[in-house]
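Enquirer: Got structure27.csv for you, CSV, N, CA and C atoms:
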```csv
chain,number,residue,atom,x,y,z
H,21,MET,N,-158.6,229.9,76.5
H,21,MET,CA,-159.9,229.4,76.1
H,21,MET,C,-160.9,229.7,77.2
H,22,GLN,N,-162.1,230.1,76.9
H,22,GLN,CA,-163.1,230.4,77.9
H,22,GLN,C,-164.5,230.0,77.5
H,23,VAL,N,-165.2,229.4,78.3
H,23,VAL,CA,-166.6,229.1,78.1
H,23,VAL,C,-167.5,229.5,79.3
H,24,SER,N,-168.8,229.5,79.2
H,24,SER,CA,-169.6,229.7,80.3
H,24,SER,C,-170.8,228.8,80.2
H,25,ALA,N,-171.4,228.5,81.4
H,25,ALA,CA,-172.7,227.7,81.5
H,25,ALA,C,-173.6,228.5,82.4
H,26,LYS,N,-174.8,228.9,81.8
H,26,LYS,CA,-175.8,229.7,82.5
H,26,LYS,C,-176.9,228.8,82.9
H,27,TRP,N,-177.3,228.8,84.1
H,27,TRP,CA,-178.3,228.0,84.7
H,27,TRP,C,-179.7,228.6,84.1
H,28,ASP,N,-180.5,227.7,83.6
H,28,ASP,CA,-181.8,228.0,83.0
H,28,ASP,C,-182.9,227.4,83.8
H,29,GLY,N,-182.7,226.9,85.0
H,29,GLY,CA,-183.7,226.3,85.8
H,29,GLY,C,-183.6,224.8,85.8
H,30,ASP,N,-184.2,224.2,86.8
H,30,ASP,CA,-184.1,222.7,86.9
H,30,ASP,C,-182.7,222.3,86.8
H,31,VAL,N,-182.4,221.4,85.9
H,31,VAL,CA,-181.0,220.9,85.7
H,31,VAL,C,-180.5,221.2,84.2
H,32,ARG,N,-181.1,222.4,83.7
H,32,ARG,CA,-180.7,222.8,82.4
H,32,ARG,C,-179.8,224.0,82.4
H,33,PHE,N,-178.8,224.0,81.5
H,33,PHE,CA,-177.8,225.0,81.4
H,33,PHE,C,-177.6,225.3,79.9
H,34,THR,N,-177.4,226.6,79.6
H,34,THR,CA,-177.0,227.0,78.3
H,34,THR,C,-175.5,227.3,78.3
H,35,GLY,N,-174.8,226.5,77.5
H,35,GLY,CA,-173.3,226.7,77.4
H,35,GLY,C,-173.0,227.6,76.3
H,36,LYS,N,-172.0,228.5,76.5
H,36,LYS,CA,-171.6,229.4,75.4
H,36,LYS,C,-170.1,229.3,75.3
H,37,THR,N,-169.7,229.2,74.0
H,37,THR,CA,-168.2,229.1,73.8
H,37,THR,C,-167.6,230.4,73.5
H,38,GLU,N,-166.3,230.5,73.7
H,38,GLU,CA,-165.6,231.7,73.4
H,38,GLU,C,-165.8,232.2,71.9
H,39,SER,N,-166.0,231.2,71.0
H,39,SER,CA,-166.2,231.5,69.6
H,39,SER,C,-167.7,231.8,69.3
H,40,GLY,N,-168.5,231.9,70.3
H,40,GLY,CA,-169.9,232.4,70.1
H,40,GLY,C,-171.0,231.4,69.9
H,41,PHE,N,-170.7,230.1,70.0
H,41,PHE,CA,-171.7,229.1,69.8
H,41,PHE,C,-172.4,228.7,71.2
H,42,GLU,N,-173.7,228.4,71.1
H,42,GLU,CA,-174.4,228.0,72.3
H,42,GLU,C,-175.0,226.6,72.1
H,43,MET,N,-175.1,225.9,73.2
H,43,MET,CA,-175.7,224.6,73.2
H,43,MET,C,-176.4,224.4,74.6
H,44,ILE,N,-177.4,223.6,74.5
H,44,ILE,CA,-178.2,223.2,75.7
H,44,ILE,C,-177.6,222.0,76.4
H,45,MET,N,-177.4,222.0,77.7
H,45,MET,CA,-177.1,220.9,78.5
H,45,MET,C,-178.2,220.6,79.5
H,46,ASP,N,-178.6,219.4,79.6
H,46,ASP,CA,-179.7,219.1,80.5
H,46,ASP,C,-179.4,217.8,81.2
H,47,GLY,N,-179.4,217.8,82.5
H,47,GLY,CA,-179.1,216.6,83.3
H,47,GLY,C,-180.2,215.5,83.3
H,48,GLU,N,-181.4,215.9,83.2
H,48,GLU,CA,-182.5,214.9,83.3
H,48,GLU,C,-183.7,215.0,82.4
H,49,GLN,N,-184.0,216.2,82.0
H,49,GLN,CA,-185.3,216.5,81.3
H,49,GLN,C,-185.2,216.2,79.8
H,50,LYS,N,-184.1,215.8,79.3
H,50,LYS,CA,-183.9,215.4,77.9
H,50,LYS,C,-184.2,216.5,76.9
H,51,ARG,N,-183.8,217.7,77.3
H,51,ARG,CA,-183.9,218.9,76.4
H,51,ARG,C,-182.5,219.3,75.9
H,52,GLY,N,-181.5,218.5,76.2
H,52,GLY,CA,-180.2,218.8,75.7
H,52,GLY,C,-179.3,217.6,76.1
H,53,ALA,N,-178.1,217.7,75.6
H,53,ALA,CA,-177.1,216.6,76.0
H,53,ALA,C,-176.7,216.8,77.4
H,54,ARG,N,-176.4,215.7,78.1
H,54,ARG,CA,-175.8,215.7,79.4
H,54,ARG,C,-174.4,216.2,79.3
H,55,PRO,N,-173.9,216.8,80.4
H,55,PRO,CA,-172.5,217.4,80.3
H,55,PRO,C,-171.4,216.3,80.0
H,56,LEU,N,-171.5,215.1,80.5
H,56,LEU,CA,-170.5,214.1,80.2
H,56,LEU,C,-170.7,213.5,78.8
H,57,GLU,N,-171.9,213.6,78.3
H,57,GLU,CA,-172.0,213.3,76.8
H,57,GLU,C,-171.3,214.3,76.0
H,58,MET,N,-171.3,215.5,76.4
H,58,MET,CA,-170.6,216.6,75.7
H,58,MET,C,-169.1,216.3,75.8
H,59,MET,N,-168.6,215.8,76.9
H,59,MET,CA,-167.2,215.5,77.0
H,59,MET,C,-166.8,214.4,76.1
H,60,LEU,N,-167.6,213.4,75.9
H,60,LEU,CA,-167.3,212.3,75.0
H,60,LEU,C,-167.4,212.8,73.6
H,61,LEU,N,-168.4,213.7,73.3
H,61,LEU,CA,-168.4,214.3,71.9
H,61,LEU,C,-167.2,215.1,71.6
H,62,ALA,N,-166.6,215.7,72.6
H,62,ALA,CA,-165.4,216.5,72.4
H,62,ALA,C,-164.2,215.5,72.1
H,63,VAL,N,-164.2,214.4,72.7
H,63,VAL,CA,-163.2,213.4,72.4
H,63,VAL,C,-163.4,212.9,71.0
H,64,ALA,N,-164.6,212.5,70.6
H,64,ALA,CA,-164.9,212.1,69.2
H,64,ALA,C,-164.5,213.1,68.2
H,65,GLY,N,-164.9,214.3,68.4
H,65,GLY,CA,-164.6,215.4,67.5
H,65,GLY,C,-163.2,215.7,67.3
H,66,CYS,N,-162.5,215.8,68.5
H,66,CYS,CA,-161.0,216.0,68.5
H,66,CYS,C,-160.3,215.0,67.7
H,67,ALA,N,-160.5,213.7,68.1
H,67,ALA,CA,-159.8,212.6,67.4
H,67,ALA,C,-160.2,212.5,66.0
H,68,SER,N,-161.4,212.7,65.6
H,68,SER,CA,-161.8,212.6,64.2
H,68,SER,C,-161.2,213.7,63.4
H,69,TYR,N,-161.1,214.9,63.9
H,69,TYR,CA,-160.4,216.0,63.3
H,69,TYR,C,-159.0,215.7,62.9
H,70,ASP,N,-158.3,215.0,63.9
H,70,ASP,CA,-156.9,214.6,63.7
H,70,ASP,C,-156.8,213.6,62.6
H,71,VAL,N,-157.6,212.5,62.7
H,71,VAL,CA,-157.5,211.4,61.8
H,71,VAL,C,-157.9,211.8,60.4
H,72,VAL,N,-158.9,212.5,60.2
H,72,VAL,CA,-159.3,213.0,58.8
H,72,VAL,C,-158.2,213.9,58.3
H,73,GLY,N,-157.7,214.8,59.0
H,73,GLY,CA,-156.6,215.7,58.6
H,73,GLY,C,-155.4,215.0,58.2
H,74,ILE,N,-155.0,214.0,59.0
H,74,ILE,CA,-153.8,213.2,58.7
H,74,ILE,C,-154.0,212.4,57.4
H,75,LEU,N,-155.1,211.8,57.3
H,75,LEU,CA,-155.4,211.0,56.1
H,75,LEU,C,-155.5,211.9,54.8
H,76,GLN,N,-156.0,213.1,54.9
H,76,GLN,CA,-156.1,214.0,53.8
H,76,GLN,C,-154.7,214.4,53.4
H,77,LYS,N,-153.8,214.7,54.4
H,77,LYS,CA,-152.4,215.1,54.1
H,77,LYS,C,-151.7,213.9,53.4
H,78,ALA,N,-152.1,212.7,53.7
H,78,ALA,CA,-151.5,211.5,53.1
H,78,ALA,C,-152.1,211.2,51.7
H,79,ARG,N,-153.0,212.1,51.3
H,79,ARG,CA,-153.7,212.0,50.0
H,79,ARG,C,-154.6,210.7,49.9
H,80,GLN,N,-155.2,210.4,51.0
H,80,GLN,CA,-156.2,209.3,51.0
H,80,GLN,C,-157.5,209.9,50.7
H,81,ASP,N,-158.3,209.2,49.9
H,81,ASP,CA,-159.6,209.6,49.4
H,81,ASP,C,-160.7,209.3,50.4
H,82,VAL,N,-160.7,210.1,51.5
H,82,VAL,CA,-161.7,209.8,52.5
H,82,VAL,C,-163.0,210.5,52.2
H,83,VAL,N,-164.1,209.8,52.2
H,83,VAL,CA,-165.4,210.4,52.0
H,83,VAL,C,-166.3,210.5,53.2
H,84,ASP,N,-165.9,209.8,54.3
H,84,ASP,CA,-166.7,209.9,55.5
H,84,ASP,C,-165.8,209.3,56.7
H,85,CYS,N,-166.1,209.8,57.8
H,85,CYS,CA,-165.4,209.3,59.0
H,85,CYS,C,-166.4,209.5,60.2
H,86,VAL,N,-166.7,208.4,60.9
H,86,VAL,CA,-167.5,208.4,62.0
H,86,VAL,C,-166.7,207.8,63.2
H,87,ALA,N,-166.7,208.5,64.3
H,87,ALA,CA,-166.0,208.0,65.5
H,87,ALA,C,-167.1,207.7,66.5
H,88,GLU,N,-167.2,206.4,66.9
H,88,GLU,CA,-168.1,206.0,67.9
H,88,GLU,C,-167.4,205.8,69.2
H,89,VAL,N,-167.8,206.4,70.2
H,89,VAL,CA,-167.2,206.4,71.5
H,89,VAL,C,-168.0,205.7,72.5
H,90,ASP,N,-167.5,204.6,73.1
H,90,ASP,CA,-168.2,203.9,74.2
H,90,ASP,C,-167.4,204.1,75.5
H,91,ALA,N,-168.1,204.4,76.6
H,91,ALA,CA,-167.4,204.7,77.8
H,91,ALA,C,-168.0,204.0,79.0
H,92,GLU,N,-167.2,203.7,79.9
H,92,GLU,CA,-167.7,203.1,81.2
H,92,GLU,C,-167.3,204.1,82.3
H,93,ARG,N,-168.1,204.1,83.3
H,93,ARG,CA,-167.9,205.0,84.5
H,93,ARG,C,-167.8,204.2,85.8
H,94,ALA,N,-167.2,204.8,86.7
H,94,ALA,CA,-167.1,204.2,88.1
H,94,ALA,C,-168.5,204.1,88.7
H,95,ASP,N,-168.7,203.1,89.5
H,95,ASP,CA,-170.0,202.9,90.1
H,95,ASP,C,-170.2,203.9,91.2
H,96,ALA,N,-169.2,204.3,91.9
H,96,ALA,CA,-169.3,205.2,93.1
H,96,ALA,C,-169.1,206.7,92.6
H,97,ILE,N,-169.7,207.6,93.4
H,97,ILE,CA,-169.5,209.0,93.2
H,97,ILE,C,-168.1,209.4,93.6
H,98,PRO,N,-167.3,210.1,92.9
H,98,PRO,CA,-167.7,210.7,91.6
H,98,PRO,C,-167.6,209.6,90.5
H,99,ALA,N,-168.6,209.5,89.7
H,99,ALA,CA,-168.7,208.5,88.6
H,99,ALA,C,-167.8,208.9,87.4
H,100,VAL,N,-166.5,208.9,87.6
H,100,VAL,CA,-165.6,209.3,86.6
H,100,VAL,C,-165.5,208.2,85.5
H,101,PHE,N,-165.1,208.6,84.3
H,101,PHE,CA,-164.8,207.7,83.3
H,101,PHE,C,-163.7,206.8,83.7
H,102,THR,N,-163.8,205.5,83.5
H,102,THR,CA,-162.8,204.5,83.7
H,102,THR,C,-162.2,203.9,82.4
H,103,ASN,N,-163.0,203.7,81.5
H,103,ASN,CA,-162.6,203.2,80.2
H,103,ASN,C,-163.3,203.9,79.0
H,104,ILE,N,-162.6,204.3,78.0
H,104,ILE,CA,-163.2,204.9,76.8
H,104,ILE,C,-162.6,204.1,75.6
H,105,ASP,N,-163.5,203.7,74.7
H,105,ASP,CA,-163.1,203.1,73.5
H,105,ASP,C,-163.6,203.9,72.3
H,106,ILE,N,-162.6,204.3,71.4
H,106,ILE,CA,-162.9,205.1,70.3
H,106,ILE,C,-162.8,204.2,69.0
H,107,LYS,N,-163.9,204.0,68.3
H,107,LYS,CA,-163.8,203.2,67.1
H,107,LYS,C,-164.1,204.2,65.9
H,108,PHE,N,-163.2,204.2,64.9
H,108,PHE,CA,-163.3,205.0,63.7
H,108,PHE,C,-163.8,204.1,62.6
H,109,MET,N,-164.8,204.6,61.9
H,109,MET,CA,-165.3,204.0,60.6
H,109,MET,C,-164.9,204.9,59.5
H,110,ILE,N,-163.8,204.6,58.8
H,110,ILE,CA,-163.3,205.4,57.7
H,110,ILE,C,-163.8,204.9,56.4
H,111,THR,N,-164.5,205.7,55.7
H,111,THR,CA,-165.1,205.3,54.4
H,111,THR,C,-164.3,206.1,53.3
H,112,GLY,N,-164.0,205.4,52.2
H,112,GLY,CA,-163.3,206.0,51.1
H,112,GLY,C,-162.9,205.1,50.0
H,113,ARG,N,-162.1,205.6,49.1
H,113,ARG,CA,-161.7,204.9,48.0
H,113,ARG,C,-160.2,204.6,48.1
H,114,ASN,N,-159.8,203.3,48.0
H,114,ASN,CA,-158.4,202.8,48.0
H,114,ASN,C,-157.7,203.3,49.2
H,115,ILE,N,-158.4,203.3,50.4
H,115,ILE,CA,-157.7,203.8,51.6
H,115,ILE,C,-156.7,202.7,52.0
H,116,LYS,N,-155.5,203.1,52.3
H,116,LYS,CA,-154.5,202.2,52.7
H,116,LYS,C,-154.5,202.0,54.3
H,117,GLU,N,-154.6,200.7,54.7
H,117,GLU,CA,-154.7,200.4,56.1
H,117,GLU,C,-153.5,201.0,56.9
H,118,SER,N,-152.4,201.0,56.3
H,118,SER,CA,-151.2,201.6,57.0
H,118,SER,C,-151.3,203.0,57.3
H,119,HIS,N,-152.0,203.8,56.4
H,119,HIS,CA,-152.2,205.2,56.6
H,119,HIS,C,-153.2,205.4,57.8
H,120,VAL,N,-154.3,204.6,57.8
H,120,VAL,CA,-155.3,204.7,58.9
H,120,VAL,C,-154.7,204.4,60.2
H,121,ALA,N,-153.9,203.3,60.3
H,121,ALA,CA,-153.2,202.9,61.5
H,121,ALA,C,-152.3,204.0,62.0
H,122,ARG,N,-151.6,204.6,61.1
H,122,ARG,CA,-150.7,205.7,61.5
H,122,ARG,C,-151.5,206.9,62.0
H,123,ALA,N,-152.6,207.3,61.3
H,123,ALA,CA,-153.4,208.5,61.7
H,123,ALA,C,-154.0,208.3,63.0
H,124,VAL,N,-154.5,207.1,63.3
H,124,VAL,CA,-155.1,206.8,64.6
H,124,VAL,C,-154.1,206.8,65.7
H,125,ARG,N,-152.9,206.2,65.4
H,125,ARG,CA,-151.8,206.2,66.4
H,125,ARG,C,-151.3,207.7,66.7
H,126,LEU,N,-151.2,208.5,65.7
H,126,LEU,CA,-150.7,209.9,65.9
H,126,LEU,C,-151.8,210.7,66.7
H,127,SER,N,-153.0,210.5,66.4
H,127,SER,CA,-154.1,211.2,67.2
H,127,SER,C,-154.0,210.7,68.6
H,128,ALA,N,-153.9,209.4,68.8
H,128,ALA,CA,-153.9,208.9,70.2
H,128,ALA,C,-152.7,209.3,71.0
H,129,ASP,N,-151.6,209.3,70.4
H,129,ASP,CA,-150.3,209.6,71.1
H,129,ASP,C,-149.8,211.0,71.1
H,130,GLN,N,-150.2,211.8,70.1
H,130,GLN,CA,-149.6,213.1,70.0
H,130,GLN,C,-150.6,214.3,69.9
H,131,TYR,N,-151.7,214.1,69.2
H,131,TYR,CA,-152.5,215.3,68.8
H,131,TYR,C,-153.8,215.5,69.5
H,132,CYS,N,-154.5,214.5,69.8
H,132,CYS,CA,-155.9,214.7,70.4
H,132,CYS,C,-155.8,215.1,71.9
H,133,SER,N,-155.8,216.4,72.1
H,133,SER,CA,-155.7,216.9,73.5
H,133,SER,C,-156.7,216.3,74.4
H,134,ALA,N,-157.9,216.1,73.9
H,134,ALA,CA,-159.1,215.7,74.7
H,134,ALA,C,-158.8,214.2,75.2
H,135,SER,N,-158.5,213.3,74.4
H,135,SER,CA,-158.3,211.9,74.8
H,135,SER,C,-157.0,211.8,75.6
H,136,ILE,N,-155.9,212.5,75.2
H,136,ILE,CA,-154.7,212.5,75.9
H,136,ILE,C,-154.8,213.0,77.3
H,137,MET,N,-155.6,214.1,77.5
H,137,MET,CA,-155.9,214.6,78.8
H,137,MET,C,-156.6,213.6,79.7
H,138,LEU,N,-157.6,212.9,79.2
H,138,LEU,CA,-158.3,211.9,80.0
H,138,LEU,C,-157.4,210.7,80.3
H,139,LYS,N,-156.5,210.3,79.4
H,139,LYS,CA,-155.6,209.2,79.6
H,139,LYS,C,-154.6,209.6,80.7
H,140,ALA,N,-154.2,210.9,80.7
H,140,ALA,CA,-153.3,211.4,81.8
H,140,ALA,C,-153.9,211.4,83.2
H,141,ALA,N,-155.3,211.5,83.2
H,141,ALA,CA,-156.0,211.4,84.4
H,141,ALA,C,-156.3,210.0,84.9
H,142,GLY,N,-155.8,209.0,84.2
H,142,GLY,CA,-156.0,207.6,84.6
H,142,GLY,C,-157.1,206.8,83.8
H,143,VAL,N,-157.7,207.4,82.8
H,143,VAL,CA,-158.7,206.7,82.1
H,143,VAL,C,-158.0,205.8,81.1
H,144,GLN,N,-158.5,204.6,81.0
H,144,GLN,CA,-158.0,203.6,80.0
H,144,GLN,C,-158.7,204.0,78.6
H,145,VAL,N,-157.9,204.5,77.7
H,145,VAL,CA,-158.4,204.9,76.4
H,145,VAL,C,-157.9,204.0,75.3
H,146,THR,N,-158.8,203.3,74.5
H,146,THR,CA,-158.4,202.4,73.5
H,146,THR,C,-158.9,203.0,72.1
H,147,HIS,N,-158.3,202.6,71.1
H,147,HIS,CA,-158.6,203.0,69.7
H,147,HIS,C,-158.7,201.8,68.8
H,148,SER,N,-159.7,201.8,67.9
H,148,SER,CA,-159.7,200.8,66.8
H,148,SER,C,-160.3,201.5,65.6
H,149,TYR,N,-160.3,200.8,64.5
H,149,TYR,CA,-160.8,201.4,63.2
H,149,TYR,C,-161.3,200.3,62.3
H,150,GLU,N,-162.1,200.7,61.4
H,150,GLU,CA,-162.6,199.8,60.3
H,150,GLU,C,-162.6,200.7,59.1
H,151,ILE,N,-162.2,200.1,58.0
H,151,ILE,CA,-162.2,200.8,56.7
H,151,ILE,C,-163.3,200.2,55.8
H,152,VAL,N,-164.1,201.1,55.3
H,152,VAL,CA,-165.2,200.8,54.4
H,152,VAL,C,-164.9,201.3,53.0
H,153,GLU,N,-164.7,200.4,52.1
H,153,GLU,CA,-164.4,200.8,50.7
H,153,GLU,C,-165.6,201.1,49.9
H,154,VAL,N,-165.6,202.2,49.2
H,154,VAL,CA,-166.7,202.6,48.3
H,154,VAL,C,-166.1,202.7,46.9
H,155,ALA,N,-167.0,202.5,45.9
H,155,ALA,CA,-166.6,202.6,44.5
H,155,ALA,C,-166.5,204.0,44.0
```
The structure given in the file should be rewritten as structure tokens.
Expert:
Amino acid sequence: MQVSAKWDGDVRFTGKTESGFEMIMDGEQKRGARPLEMMLLAVAGCASYDVVGILQKARQDVVDCVAEVDAERADAIPAVFTNIDIKFMITGRNIKESHVARAVRLSADQYCSASIMLKAAGVQVTHSYEIVEVA
């Protein structure tokens, strides 16, 4: 896997992925996401990908999934992440709680490379979920 970040002046960079996508990162000027926000987005996306896929394979009628990630950082430089909480809001029809619990556990323990990598680096990573039933 390969990515690049090209400096565009000030504290702005254009990131480019191996698959050809570009995104703006900006440290202060609010013209793009900050790099550590992108890291948390990667965790949210990776974990959600797992949870939705596992629930679909279990034939659960998922209509929406939102992962909210809250993080705390150390006060001193380097201000690394110390705690990350991932909360999934799973919306669907007749979703079984046991399937959601299993999907979240499998993502946390086996599949989500992003969160597992951070946990291996000493970050406290927690997971929770809420099921929203729709008609």
Enquirer: Could you tell me how far atom N of Gln22 (chain H) sits from CA of Asp90 (chain H), in Å to one decimal place?
Expert: 27.0 Å
Enquirer: Which one of H:Val71, H:Ala53, H:Met43, H:Val31 sits closest to Arg125 (chain H) if you count all atoms listed in the file?
Expert: H:Val71
Enquirer: To one decimal place in Å, what is the distance between CA of Cys132 (chain H) and CA of Phe33 (chain H)?
Expert: 26.6 Å
Enquirer: Residues near Ile110 (chain H), anyone? I mean within 9 Å using only C-alpha atoms, not counting same-chain ones fewer than 4 positions away, as a PDB file with N, CA and C atoms, in the frame of the given file.
Expert:
```pdb
ATOM      1  N   VAL H  72    -158.900 212.500  60.200  1.00  0.00           N
ATOM      2  CA  VAL H  72    -159.300 213.000  58.800  1.00  0.00           C
ATOM      3  C   VAL H  72    -158.200 213.900  58.300  1.00  0.00           C
ATOM      4  N   VAL H  82    -160.700 210.100  51.500  1.00  0.00           N
ATOM      5  CA  VAL H  82    -161.700 209.800  52.500  1.00  0.00           C
ATOM      6  C   VAL H  82    -163.000 210.500  52.200  1.00  0.00           C
ATOM      7  N   VAL H  83    -164.100 209.800  52.200  1.00  0.00           N
ATOM      8  CA  VAL H  83    -165.400 210.400  52.000  1.00  0.00           C
ATOM      9  C   VAL H  83    -166.300 210.500  53.200  1.00  0.00           C
ATOM     10  N   ASP H  84    -165.900 209.800  54.300  1.00  0.00           N
ATOM     11  CA  ASP H  84    -166.700 209.900  55.500  1.00  0.00           C
ATOM     12  C   ASP H  84    -165.800 209.300  56.700  1.00  0.00           C
ATOM     13  N   CYS H  85    -166.100 209.800  57.800  1.00  0.00           N
ATOM     14  CA  CYS H  85    -165.400 209.300  59.000  1.00  0.00           C
ATOM     15  C   CYS H  85    -166.400 209.500  60.200  1.00  0.00           C
ATOM     16  N   VAL H  86    -166.700 208.400  60.900  1.00  0.00           N
ATOM     17  CA  VAL H  86    -167.500 208.400  62.000  1.00  0.00           C
ATOM     18  C   VAL H  86    -166.700 207.800  63.200  1.00  0.00           C
ATOM     19  N   ALA H  87    -166.700 208.500  64.300  1.00  0.00           N
ATOM     20  CA  ALA H  87    -166.000 208.000  65.500  1.00  0.00           C
ATOM     21  C   ALA H  87    -167.100 207.700  66.500  1.00  0.00           C
ATOM     22  N   ILE H 115    -158.400 203.300  50.400  1.00  0.00           N
ATOM     23  CA  ILE H 115    -157.700 203.800  51.600  1.00  0.00           C
ATOM     24  C   ILE H 115    -156.700 202.700  52.000  1.00  0.00           C
ATOM     25  N   VAL H 120    -154.300 204.600  57.800  1.00  0.00           N
ATOM     26  CA  VAL H 120    -155.300 204.700  58.900  1.00  0.00           C
ATOM     27  C   VAL H 120    -154.700 204.400  60.200  1.00  0.00           C
ATOM     28  N   TYR H 149    -160.300 200.800  64.500  1.00  0.00           N
ATOM     29  CA  TYR H 149    -160.800 201.400  63.200  1.00  0.00           C
ATOM     30  C   TYR H 149    -161.300 200.300  62.300  1.00  0.00           C
ATOM     31  N   GLU H 150    -162.100 200.700  61.400  1.00  0.00           N
ATOM     32  CA  GLU H 150    -162.600 199.800  60.300  1.00  0.00           C
ATOM     33  C   GLU H 150    -162.600 200.700  59.100  1.00  0.00           C
ATOM     34  N   ILE H 151    -162.200 200.100  58.000  1.00  0.00           N
ATOM     35  CA  ILE H 151    -162.200 200.800  56.700  1.00  0.00           C
ATOM     36  C   ILE H 151    -163.300 200.200  55.800  1.00  0.00           C
ATOM     37  N   VAL H 152    -164.100 201.100  55.300  1.00  0.00           N
ATOM     38  CA  VAL H 152    -165.200 200.800  54.400  1.00  0.00           C
ATOM     39  C   VAL H 152    -164.900 201.300  53.000  1.00  0.00           C
ATOM     40  N   GLU H 153    -164.700 200.400  52.100  1.00  0.00           N
ATOM     41  CA  GLU H 153    -164.400 200.800  50.700  1.00  0.00           C
ATOM     42  C   GLU H 153    -165.600 201.100  49.900  1.00  0.00           C
TER      43      GLU H 153
END
```
Enquirer: What does the distance between CA of Met45 (chain H) and atom C of Lys139 (chain H) come to in Å, to one decimal place?
Expert: 25.3 Å
Enquirer: Going by DSSP on the backbone, which bits of chain H are strand (DSSP E or B)? Write them as a PyMOL selection string, please.
Expert: chain H and resi 23-27+32-37+42-46+53+81-93+101-113+144-153
Enquirer: Extract, using all atoms listed in the file, all DNA, RNA and protein residues at most 8 Å from Asp105 (chain H), discarding same-chain residues fewer than 6 positions from it, and format them as a PyMOL selection string.
Expert: chain H and resi 87-92+144-148
Enquirer: Kindly indicate which residue among H:Gly47, H:Gly29, H:Gly73, H:Gly112 lies nearest to Val154 (chain H), using all atoms listed in the file for the distances.
Expert: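 The shortest atom-to-atom distance to Val154 (chain H) comes from H:Gly112.
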Enquirer: If DSSP is run on the backbone, what residues of region 21-154 of chain H are helix (DSSP H, G or I)? A reply as a ChimeraX atom specification would be ideal.
Expert: /H:55-77,117-131,133-140
Enquirer: Between H:Ser68, H:Asp28, H:Met58, H:Ser127, which has the minimum distance to Phe108 (chain H) (counting all atoms listed in the file)?
Expert: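 Using all atoms listed in the file, Phe108 (chain H) sits closest to H:Ser68.
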Enquirer: Near Asp46 (chain H), within 9 Å and counting only C-alpha atoms, which residues show up once chain neighbours fewer than 5 positions away are dropped, as an mmCIF file with N, CA and C atoms, in the frame of the given file?
Expert:
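Contents of part09.cif, as written:
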```cif
data_model
loop_
_atom_site.group_PDB
_atom_site.id
_atom_site.type_symbol
_atom_site.label_atom_id
_atom_site.label_comp_id
_atom_site.auth_asym_id
_atom_site.auth_seq_id
_atom_site.Cartn_x
_atom_site.Cartn_y
_atom_site.Cartn_z
ATOM 1 N N ASP H 30 -184.200 224.200 86.800
ATOM 2 C CA ASP H 30 -184.100 222.700 86.900
ATOM 3 C C ASP H 30 -182.700 222.300 86.800
ATOM 4 N N VAL H 31 -182.400 221.400 85.900
ATOM 5 C CA VAL H 31 -181.000 220.900 85.700
ATOM 6 C C VAL H 31 -180.500 221.200 84.200
ATOM 7 N N ARG H 32 -181.100 222.400 83.700
ATOM 8 C CA ARG H 32 -180.700 222.800 82.400
ATOM 9 C C ARG H 32 -179.800 224.000 82.400
ATOM 10 N N PHE H 33 -178.800 224.000 81.500
ATOM 11 C CA PHE H 33 -177.800 225.000 81.400
ATOM 12 C C PHE H 33 -177.600 225.300 79.900
ATOM 13 N N THR H 34 -177.400 226.600 79.600
ATOM 14 C CA THR H 34 -177.000 227.000 78.300
ATOM 15 C C THR H 34 -175.500 227.300 78.300
ATOM 16 N N ARG H 51 -183.800 217.700 77.300
ATOM 17 C CA ARG H 51 -183.900 218.900 76.400
ATOM 18 C C ARG H 51 -182.500 219.300 75.900
ATOM 19 N N GLY H 52 -181.500 218.500 76.200
ATOM 20 C CA GLY H 52 -180.200 218.800 75.700
ATOM 21 C C GLY H 52 -179.300 217.600 76.100
ATOM 22 N N ALA H 53 -178.100 217.700 75.600
ATOM 23 C CA ALA H 53 -177.100 216.600 76.000
ATOM 24 C C ALA H 53 -176.700 216.800 77.400
ATOM 25 N N ARG H 54 -176.400 215.700 78.100
ATOM 26 C CA ARG H 54 -175.800 215.700 79.400
ATOM 27 C C ARG H 54 -174.400 216.200 79.300
ATOM 28 N N PRO H 55 -173.900 216.800 80.400
ATOM 29 C CA PRO H 55 -172.500 217.400 80.300
ATOM 30 C C PRO H 55 -171.400 216.300 80.000
#
```
